[in-house]
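So the structure is just underneath, and the comments pick up after that.
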Amino acid sequence: MFGYDLIHIKRNHPTLESHLKFLFQNLKTDIVLDVGANRGQFGKLLRETGYTGYIISFEPLQESYQKLTSASADDEKWHSYNCALGAVSETTEINFTSASEFTSFLNPSEYGKEVRSTQVQIAQKETVEVKRLDDLFSEVISKCAGSSHQIFLKMDTQGFDQEVLKGAEKSLDQIDGLQSEIAILPLYEGMPDYVESLVAFREKGFELTGLFPVSRDQQSLILIEMDCVMRRKA
């Protein structure tokens, strides 16, 4: 009558938040690598769901990084790095967009300009540091107490997730689960579509545990992006 459904979250995992909560319990996750942290939205979400382990956030943009450090300032288990992750360590330019969460190393596609015109519009370019996860992995883990860890990798890099994996070839074997925002209708030029992304993840030993719509085309109702959650195959 009021437009709501009551769903038992333990049984159906209807939301990304509830799914992650139960997946983390299953995997015994105690470190989350938050790649593309923006202003700390994902870290805040994890704390709201009851996750008490370590969060290591990576954010290259100066303005967003300042807000990220403010969000995590009182959290002893939340550390941050002012850099992006990618396939090679370098200093390069990133497209700073009108909406910071759409900032990408890739240029907007024609479709992206059509449906997200104000959000993906490039306001300026910013010089940022890119590092390989393999080069930082030991340092990252040293920030977390304990000798054995279960690690979850979250990526939200606007079309750059596969580049993050290329820079994590050595450390990927120590990662138990991952989350990636995958595209059905790519918003950026050169961005892999969801089929390519899923094939790449499976080749690296991960299997799907959940798919959660992020946005859809308002005219056709075709999905634009989904959050893909996977775990390493036992």
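Chain lettering (A, B, ...) mirrors the order of the structure tokens, residue numbering begins at 1 for each chain separately, and ligand numbering begins at 1 in order of display.
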
Which polymer residues have any atom within 9 Å of an atom of A:Gln174, counting only C-alpha atoms, with same-chain residues fewer than 6 positions away left out, as a VMD selection string?
chain A and resid 149 to 151

Taking only residues of stretch 100-179 of chain A that have an atom at most 12 Å from an atom of stretch 5-21 of chain A, what is each one's shortest atom pair and its distance in Å to one decimal, using only C-alpha atoms, in chain and number order, as CSV?
residue,atom,partner,partner_atom,distance
A:Phe152,CA,A:Leu20,CA,10.2
A:Leu153,CA,A:Leu20,CA,11.9
A:Lys154,CA,A:Leu20,CA,10.9
A:Gly177,CA,A:Leu20,CA,10.2
A:Leu178,CA,A:Leu20,CA,10.2
A:Gln179,CA,A:Leu20,CA,9.5

Could you save those same residues with C-alpha atoms as an mmCIF file, in the first residue's frame?
data_model
loop_
_atom_site.group_PDB
_atom_site.id
_atom_site.type_symbol
_atom_site.label_atom_id
_atom_site.label_comp_id
_atom_site.auth_asym_id
_atom_site.auth_seq_id
_atom_site.Cartn_x
_atom_site.Cartn_y
_atom_site.Cartn_z
ATOM 1 C CA PHE A 152 38.650 -7.993 -0.737
ATOM 2 C CA LEU A 153 39.382 -5.697 -3.705
ATOM 3 C CA LYS A 154 36.763 -3.068 -4.605
ATOM 4 C CA GLY A 177 36.964 -11.475 -3.483
ATOM 5 C CA LEU A 178 36.396 -8.434 -5.640
ATOM 6 C CA GLN A 179 33.850 -5.863 -6.721
#

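Taking only C-alpha atoms into account, A:Val130 lies nearest to A:Phe160 out of the set A:Phe96, A:Trp78, A:Phe160, A:Phe206.
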
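The nearest approach to A:Asn95 among the residues A:Asp161, A:Glu225, A:Glu126, A:Glu76, with only C-alpha atoms taken into account, belongs to A:Glu126.
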
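Our summary of the geometry notes that atom CA of A:Ile224 is positioned 5.1 Å from atom CA of A:Ile184.
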
To one decimal place, how far is atom CA of A:Ile56 from atom CA of A:Val140 in Å?
7.4 Å
